[in-house]
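Chemist: Can you keep this structure in mind? I'll have questions shortly.
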Amino acid sequence: MQQRAEVTAFVALGANLGDPAQALREALQRLSETPGVRLVRASSLYRTTPIDSSGPDYLNAVAEIATTLTAPGLLTALQAIEQGAGRERPYRNAPRTLDLDLLLYGSARIHSPTLTVPHPSMGERAFVLVPLHEIAPGRVTDEALAAVSGQGIQRM
């Protein structure tokens, strides 16, 4: 059986219900235990105010992984981790126990009914760009960081 080559991918993590710091730590652990996924590094945690949402402040981070999973397979794995953390989707941008978004999957450009990569709004969100810049500075331009500089974000 032929082994798929590893692809570098980036995943955004966020939570604002329950114990968000613990939820992010557990999500990183579950991600590292997922067959076909190797956790390369994770950013610091960042506290951010909700955007287009309500509820308490979020904790956010970004993880770099190396994976042999396909992008849809990785999305399925991320959704399983969310479900294990009690994720519910009562309405768009509802407060959440855990949110995992596939930001980048190698150099792929994917537009399907269930997955868009690069993530369509990542360039508008400090809670994605700042932690992504921390672990992969070459992936975020100074212009992109300047464009989100007015959004409240605090490194923990």
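In the structure tokens, chains take the letters A, B, ... in the order shown, each chain's residues start at 1, and ligands count up from 1 in the order shown.
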Which polymer residues have any atom within 8 Å of an atom of Leu13 in chain A, counting only C-alpha atoms, with same-chain residues fewer than 6 positions away left out, as an MDAnalysis selection string?
Modeler: chainID A and resid 24 60:63 98:101
Chemist: Would you write out those residues with N, CA, C and O atoms, as an mmCIF file, in the first residue's frame?
Modeler:
```
data_model
loop_
_atom_site.group_PDB
_atom_site.id
_atom_site.type_symbol
_atom_site.label_atom_id
_atom_site.label_comp_id
_atom_site.auth_asym_id
_atom_site.auth_seq_id
_atom_site.Cartn_x
_atom_site.Cartn_y
_atom_site.Cartn_z
ATOM 1 N N LEU A 24 -8.889 23.986 24.568
ATOM 2 C CA LEU A 24 -7.868 24.100 23.519
ATOM 3 C C LEU A 24 -6.727 23.128 23.767
ATOM 4 O O LEU A 24 -6.236 22.496 22.825
ATOM 5 N N ASN A 60 -8.095 31.743 21.592
ATOM 6 C CA ASN A 60 -7.785 31.257 20.257
ATOM 7 C C ASN A 60 -6.330 30.852 20.163
ATOM 8 O O ASN A 60 -5.486 31.332 20.921
ATOM 9 N N ALA A 61 -6.050 29.989 19.202
ATOM 10 C CA ALA A 61 -4.685 29.563 18.888
ATOM 11 C C ALA A 61 -4.694 29.043 17.458
ATOM 12 O O ALA A 61 -5.754 28.857 16.853
ATOM 13 N N VAL A 62 -3.508 28.805 16.932
ATOM 14 C CA VAL A 62 -3.355 28.169 15.626
ATOM 15 C C VAL A 62 -2.320 27.053 15.776
ATOM 16 O O VAL A 62 -1.307 27.231 16.458
ATOM 17 N N ALA A 63 -2.606 25.920 15.151
ATOM 18 C CA ALA A 63 -1.688 24.788 15.164
ATOM 19 C C ALA A 63 -1.205 24.496 13.755
ATOM 20 O O ALA A 63 -1.980 24.574 12.796
ATOM 21 N N LEU A 98 -15.891 24.526 21.518
ATOM 22 C CA LEU A 98 -14.696 24.325 20.707
ATOM 23 C C LEU A 98 -15.027 24.562 19.248
ATOM 24 O O LEU A 98 -16.058 24.114 18.760
ATOM 25 N N ASP A 99 -14.140 25.259 18.575
ATOM 26 C CA ASP A 99 -14.267 25.496 17.141
ATOM 27 C C ASP A 99 -12.912 25.216 16.514
ATOM 28 O O ASP A 99 -11.898 25.761 16.960
ATOM 29 N N LEU A 100 -12.887 24.340 15.518
ATOM 30 C CA LEU A 100 -11.659 24.019 14.792
ATOM 31 C C LEU A 100 -11.907 24.314 13.315
ATOM 32 O O LEU A 100 -12.837 23.762 12.725
ATOM 33 N N ASP A 101 -11.096 25.187 12.744
ATOM 34 C CA ASP A 101 -11.237 25.552 11.338
ATOM 35 C C ASP A 101 -9.965 25.204 10.584
ATOM 36 O O ASP A 101 -8.864 25.575 11.016
#
```
Chemist: Give me the residues within 12 Å of Thr76 in chain A as a VMD selection string, counting only C-alpha atoms and dropping any in the same chain fewer than 5 places off.
Modeler: chain A and resid 31 34 69 to 71 81 to 83 100 to 102 114 to 115
Chemist: Output N, CA, C and O atoms of each residue in that selection to a file, as a PDB file, in the first residue's frame.
Modeler:
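Once everything was written out, this is out_26.pdb:
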```pdb
ATOM      1  N   LEU A  31      -5.847  16.186  18.589  1.00  0.00           N
ATOM      2  CA  LEU A  31      -5.324  16.359  17.230  1.00  0.00           C
ATOM      3  C   LEU A  31      -4.031  15.572  17.063  1.00  0.00           C
ATOM      4  O   LEU A  31      -3.845  14.860  16.067  1.00  0.00           O
ATOM      5  N   THR A  34      -4.607  11.871  16.530  1.00  0.00           N
ATOM      6  CA  THR A  34      -5.393  11.472  15.366  1.00  0.00           C
ATOM      7  C   THR A  34      -4.499  10.739  14.376  1.00  0.00           C
ATOM      8  O   THR A  34      -3.444  11.265  13.988  1.00  0.00           O
ATOM      9  N   LEU A  69      -3.715  12.787   5.811  1.00  0.00           N
ATOM     10  CA  LEU A  69      -5.145  12.775   5.508  1.00  0.00           C
ATOM     11  C   LEU A  69      -5.434  13.708   4.338  1.00  0.00           C
ATOM     12  O   LEU A  69      -4.750  14.715   4.157  1.00  0.00           O
ATOM     13  N   THR A  70      -6.472  13.397   3.592  1.00  0.00           N
ATOM     14  CA  THR A  70      -6.952  14.333   2.586  1.00  0.00           C
ATOM     15  C   THR A  70      -7.568  15.526   3.310  1.00  0.00           C
ATOM     16  O   THR A  70      -7.884  15.440   4.509  1.00  0.00           O
ATOM     17  N   ALA A  71      -7.780  16.621   2.612  1.00  0.00           N
ATOM     18  CA  ALA A  71      -8.418  17.779   3.241  1.00  0.00           C
ATOM     19  C   ALA A  71      -9.816  17.421   3.762  1.00  0.00           C
ATOM     20  O   ALA A  71     -10.138  17.744   4.913  1.00  0.00           O
ATOM     21  N   ILE A  81     -13.452  15.880  16.683  1.00  0.00           N
ATOM     22  CA  ILE A  81     -12.862  16.452  17.898  1.00  0.00           C
ATOM     23  C   ILE A  81     -13.821  17.488  18.489  1.00  0.00           C
ATOM     24  O   ILE A  81     -14.041  17.528  19.703  1.00  0.00           O
ATOM     25  N   GLU A  82     -14.417  18.330  17.631  1.00  0.00           N
ATOM     26  CA  GLU A  82     -15.402  19.301  18.110  1.00  0.00           C
ATOM     27  C   GLU A  82     -16.579  18.607  18.796  1.00  0.00           C
ATOM     28  O   GLU A  82     -16.999  19.014  19.879  1.00  0.00           O
ATOM     29  N   GLN A  83     -17.087  17.564  18.161  1.00  0.00           N
ATOM     30  CA  GLN A  83     -18.218  16.831  18.733  1.00  0.00           C
ATOM     31  C   GLN A  83     -17.850  16.225  20.081  1.00  0.00           C
ATOM     32  O   GLN A  83     -18.651  16.236  21.016  1.00  0.00           O
ATOM     33  N   LEU A 100     -12.887  24.340  15.518  1.00  0.00           N
ATOM     34  CA  LEU A 100     -11.659  24.019  14.792  1.00  0.00           C
ATOM     35  C   LEU A 100     -11.907  24.314  13.315  1.00  0.00           C
ATOM     36  O   LEU A 100     -12.837  23.762  12.725  1.00  0.00           O
ATOM     37  N   ASP A 101     -11.096  25.187  12.744  1.00  0.00           N
ATOM     38  CA  ASP A 101     -11.237  25.552  11.338  1.00  0.00           C
ATOM     39  C   ASP A 101      -9.965  25.204  10.584  1.00  0.00           C
ATOM     40  O   ASP A 101      -8.864  25.575  11.016  1.00  0.00           O
ATOM     41  N   LEU A 102     -10.120  24.547   9.454  1.00  0.00           N
ATOM     42  CA  LEU A 102      -8.990  24.270   8.564  1.00  0.00           C
ATOM     43  C   LEU A 102      -8.696  25.545   7.792  1.00  0.00           C
ATOM     44  O   LEU A 102      -9.518  25.996   6.993  1.00  0.00           O
ATOM     45  N   THR A 114     -18.798  21.717   1.283  1.00  0.00           N
ATOM     46  CA  THR A 114     -18.479  21.500   2.695  1.00  0.00           C
ATOM     47  C   THR A 114     -17.142  22.087   3.140  1.00  0.00           C
ATOM     48  O   THR A 114     -16.878  22.146   4.339  1.00  0.00           O
ATOM     49  N   LEU A 115     -16.303  22.518   2.205  1.00  0.00           N
ATOM     50  CA  LEU A 115     -14.963  22.967   2.578  1.00  0.00           C
ATOM     51  C   LEU A 115     -14.443  24.007   1.600  1.00  0.00           C
ATOM     52  O   LEU A 115     -14.503  23.813   0.383  1.00  0.00           O
TER      53      LEU A 115
END
```
Chemist: Residues of range 112-146 of chain A within 8 Å of range 43-50 of chain A: nearest atom pair and distance (Å, one decimal) for each, counting only C-alpha atoms, sorted by chain and number, as a Markdown table?
Modeler:
```
| residue | atom | partner | partner_atom | distance |
| --- | --- | --- | --- | --- |
| A:Phe127 | CA | A:Thr48 | CA | 6.6 |
| A:Pro131 | CA | A:Ser43 | CA | 5.5 |
| A:Leu132 | CA | A:Ser43 | CA | 7.2 |
| A:Glu134 | CA | A:Ser43 | CA | 6.3 |
| A:Ile135 | CA | A:Ser43 | CA | 5.8 |
```
Chemist: Include N, CA and C atoms and write out the residues we just selected as a short mmCIF file (atom, residue, chain, number, x, y, z; two decimals), in the first residue's frame.
Modeler:
```
data_model
loop_
_atom_site.label_atom_id
_atom_site.label_comp_id
_atom_site.auth_asym_id
_atom_site.auth_seq_id
_atom_site.Cartn_x
_atom_site.Cartn_y
_atom_site.Cartn_z
N PHE A 127 -7.63 37.10 15.31
CA PHE A 127 -7.50 35.88 16.10
C PHE A 127 -6.98 34.71 15.30
N PRO A 131 -1.89 34.63 15.74
CA PRO A 131 -1.25 33.37 16.13
C PRO A 131 -0.60 32.64 14.95
N LEU A 132 -1.16 32.76 13.75
CA LEU A 132 -0.53 32.16 12.58
C LEU A 132 0.83 32.80 12.33
N GLU A 134 2.71 34.11 14.54
CA GLU A 134 3.64 33.68 15.61
C GLU A 134 4.37 32.40 15.21
N ILE A 135 3.66 31.42 14.63
CA ILE A 135 4.29 30.13 14.35
C ILE A 135 4.76 29.99 12.90
#
```
Chemist: So which one's closest to Tyr58 in chain A, A:His119, A:Arg139, A:Arg96, A:His111? Using only C-alpha atoms, please.
Modeler: A:Arg96
Chemist: Where does DSSP see helix (DSSP H, G or I) in chain A, if you list the residues as a PyMOL selection string?
Modeler: chain A and resi 20-32+71-84+122-124+126-135+137-139+142-147
Chemist: Report the distance between CA of Gly123 in chain A and CA of Gln29 in chain A in Å, rounded to one decimal place.
Modeler: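 Answer for the CA of Gly123 in chain A to CA of Gln29 in chain A separation: 26.6 Å.
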Chemist: Find the residues around Glu64 in chain A up to 7 Å (only C-alpha atoms counted), leave out those fewer than 6 positions away in its own chain, and share them as a PyMOL selection string.
Modeler: chain A and resi 9-11+39-42
Chemist: For Arg155 in chain A, which residue out of A:Val140, A:Ile65, A:Leu59, A:Leu129 is the nearest one, using only C-alpha atoms?
Modeler: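 Of A:Val140, A:Ile65, A:Leu59, A:Leu129, the one nearest Arg155 in chain A, counting only C-alpha atoms, is A:Leu59.
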Chemist: Give me, as an MDAnalysis selection string, the residues of chain A that a backbone DSSP run labels strand (DSSP E or B).
Modeler: chainID A and resid 7:15 37:42 46:48 58:67 99:105 110:111 116:117 153:155
